[in-house]
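See below for the structure under consideration.
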Amino acid sequence: MTAYEANLHIEGEDTQPVPVLVDLTNDRLTMTIGAEEVAAWDRGDMRIAAMPDGFHIRAEGEAIVLSVSDDAKFALELGLKNAHPALRRRMAALLRTDD
């Protein structure tokens with residue numbers, strides 16, 4: 001299981017972010033709050049954009065923003081090719097250290 005701590009914000013809503021655990025096992029993104037699963041999507045069913053304020057994810061009519069504590073590793077595990085410049089630098093640094 002590959003899990004990341006993150007803060008979840010519903011796009012377009014003026015509410016406080018909620019801490020979630022994001023699991024990227026078996027080509028699925030699953031989010032839980034405590035023991036309660038709040039979302040589970042196949043990676044192929046999501047549109048993800050890495051923006052300076054977090055990962056903007058659209059799936060099944062939902063639009064969320066995830067602020068992930070280890071954003072570079074998260075982006076690499078998702079297989080993202082495009083990101084804002086600061087995140088791309090962190091991703092490249094991780095790739096260099098994995099050699």
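The chains in the structure tokens are called A, B, ... from first to last as shown; in each chain the residues are counted from 1, and the ligands are counted from 1 in the order shown.
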Q. Contacts of Glu36 in chain A at 12 Å or less, counting only C-alpha atoms, minus same-chain residues fewer than 4 places along, as a ChimeraX atom specification?
A. /A:20-22,30-32,40
Q: Looking only at helix (DSSP H, G or I) from DSSP on the backbone, list the matching residues of chain A as JSON, numbers by chain.
A: {"A": [43, 44, 45, 71, 72, 73, 74, 75, 76, 77, 78, 85, 86, 87, 88, 89, 90, 91, 92, 93, 94, 95, 96, 97]}
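Note that CA of Thr97 in chain A and CA of Asp42 in chain A are 29.1 Å apart.
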Q. Where does DSSP see strand (DSSP E) in chain A, if you list the residues as a PyMOL selection string?
A. chain A and resi 3-10+18-23+28-33+36-42+47-51+54-59+62-68
Q: For Arg58 in chain A, please output as an MDAnalysis selection string all residues within 12 Å (counting only C-alpha atoms; exclusion window: fewer than 6 positions along the same chain).
A: chainID A and resid 10:11 29 39 41:50 64:66
File dump, residues just selected, C-alpha atoms, as a CSV table (one decimal), in the first residue's frame:
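File produced: again_24.csv:
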```csv
chain,number,residue,atom,x,y,z
A,10,ILE,CA,-13.9,20.7,-2.7
A,11,GLU,CA,-13.3,22.9,-5.6
A,29,LEU,CA,-7.0,6.4,-5.8
A,39,ALA,CA,-13.8,8.3,-2.5
A,41,TRP,CA,-11.7,6.1,-8.3
A,42,ASP,CA,-9.8,4.2,-11.0
A,43,ARG,CA,-6.8,6.2,-12.1
A,44,GLY,CA,-7.9,6.0,-15.7
A,45,ASP,CA,-11.2,7.6,-14.8
A,46,MET,CA,-9.6,10.8,-13.4
A,47,ARG,CA,-8.3,14.0,-14.9
A,48,ILE,CA,-5.5,15.3,-12.8
A,49,ALA,CA,-3.7,18.6,-13.1
A,50,ALA,CA,-0.8,19.5,-10.8
A,64,ILE,CA,-11.5,18.4,-5.7
A,65,VAL,CA,-8.1,19.8,-4.8
A,66,LEU,CA,-5.6,17.7,-2.9
```
Q) Which neighbours of range 82-93 of chain A fall inside 7 Å, counting only C-alpha atoms, when residues of the same chain fewer than 6 positions from it are skipped, and could you give them as JSON, numbers by chain? A) {"A": [50, 51, 52, 72, 73, 76]}
**Q.** Neighbour list for Glu77 in chain A as number ranges by chain, cut-off 12 Å, only C-alpha atoms, skip fewer than 3 positions in-chain
**A.** A: 2-4, 23-29, 43, 70-74, 80-81, 91, 94-95
Applying 7 Å and only C-alpha atoms, which residues near Asn7 in chain A remain after dropping the ones on its own chain fewer than 5 positions away? List them as a compact mmCIF listing (two decimals) with all heavy atoms, in the first residue's frame.
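part.txt, freshly written:
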```
# COMPACT_ATOMS: atom_id res chain seq x y z
N PRO A 17 -10.01 22.92 4.44
CA PRO A 17 -9.55 21.61 3.96
C PRO A 17 -9.69 20.56 5.05
O PRO A 17 -9.58 20.86 6.24
CB PRO A 17 -8.08 21.85 3.62
CG PRO A 17 -7.93 23.32 3.49
CD PRO A 17 -8.96 23.93 4.38
N VAL A 18 -9.93 19.33 4.63
CA VAL A 18 -10.11 18.20 5.54
C VAL A 18 -8.93 17.24 5.37
O VAL A 18 -8.60 16.87 4.24
CB VAL A 18 -11.43 17.46 5.22
CG1 VAL A 18 -11.60 16.23 6.08
CG2 VAL A 18 -12.61 18.39 5.35
N PRO A 19 -8.28 16.81 6.45
CA PRO A 19 -7.20 15.84 6.33
C PRO A 19 -7.73 14.49 5.86
O PRO A 19 -8.74 14.00 6.37
CB PRO A 19 -6.62 15.73 7.74
CG PRO A 19 -7.30 16.76 8.56
CD PRO A 19 -8.49 17.25 7.82
N VAL A 20 -7.05 13.91 4.87
CA VAL A 20 -7.41 12.60 4.34
C VAL A 20 -6.15 11.76 4.16
O VAL A 20 -5.04 12.30 4.11
CB VAL A 20 -8.15 12.70 2.98
CG1 VAL A 20 -9.48 13.39 3.12
CG2 VAL A 20 -7.29 13.38 1.93
N LEU A 66 -6.36 18.37 -3.91
CA LEU A 66 -5.60 17.67 -2.87
C LEU A 66 -4.26 18.35 -2.69
O LEU A 66 -3.51 18.53 -3.64
CB LEU A 66 -5.33 16.22 -3.28
CG LEU A 66 -6.41 15.19 -3.09
CD1 LEU A 66 -5.89 13.82 -3.54
CD2 LEU A 66 -6.88 15.12 -1.66
N SER A 67 -3.98 18.73 -1.48
CA SER A 67 -2.66 19.24 -1.12
C SER A 67 -1.94 18.09 -0.41
O SER A 67 -2.30 17.72 0.71
CB SER A 67 -2.81 20.45 -0.20
OG SER A 67 -1.54 20.88 0.22
N VAL A 68 -0.97 17.50 -1.10
CA VAL A 68 -0.31 16.28 -0.63
C VAL A 68 1.03 16.62 0.01
O VAL A 68 1.80 17.41 -0.54
CB VAL A 68 -0.11 15.29 -1.81
CG1 VAL A 68 0.56 14.01 -1.34
CG2 VAL A 68 -1.44 14.98 -2.47
```
Q: Could you tell me how far CA of Leu8 in chain A lies from CA of Ala63 in chain A, in Å and to one decimal?
A: 10.5 Å
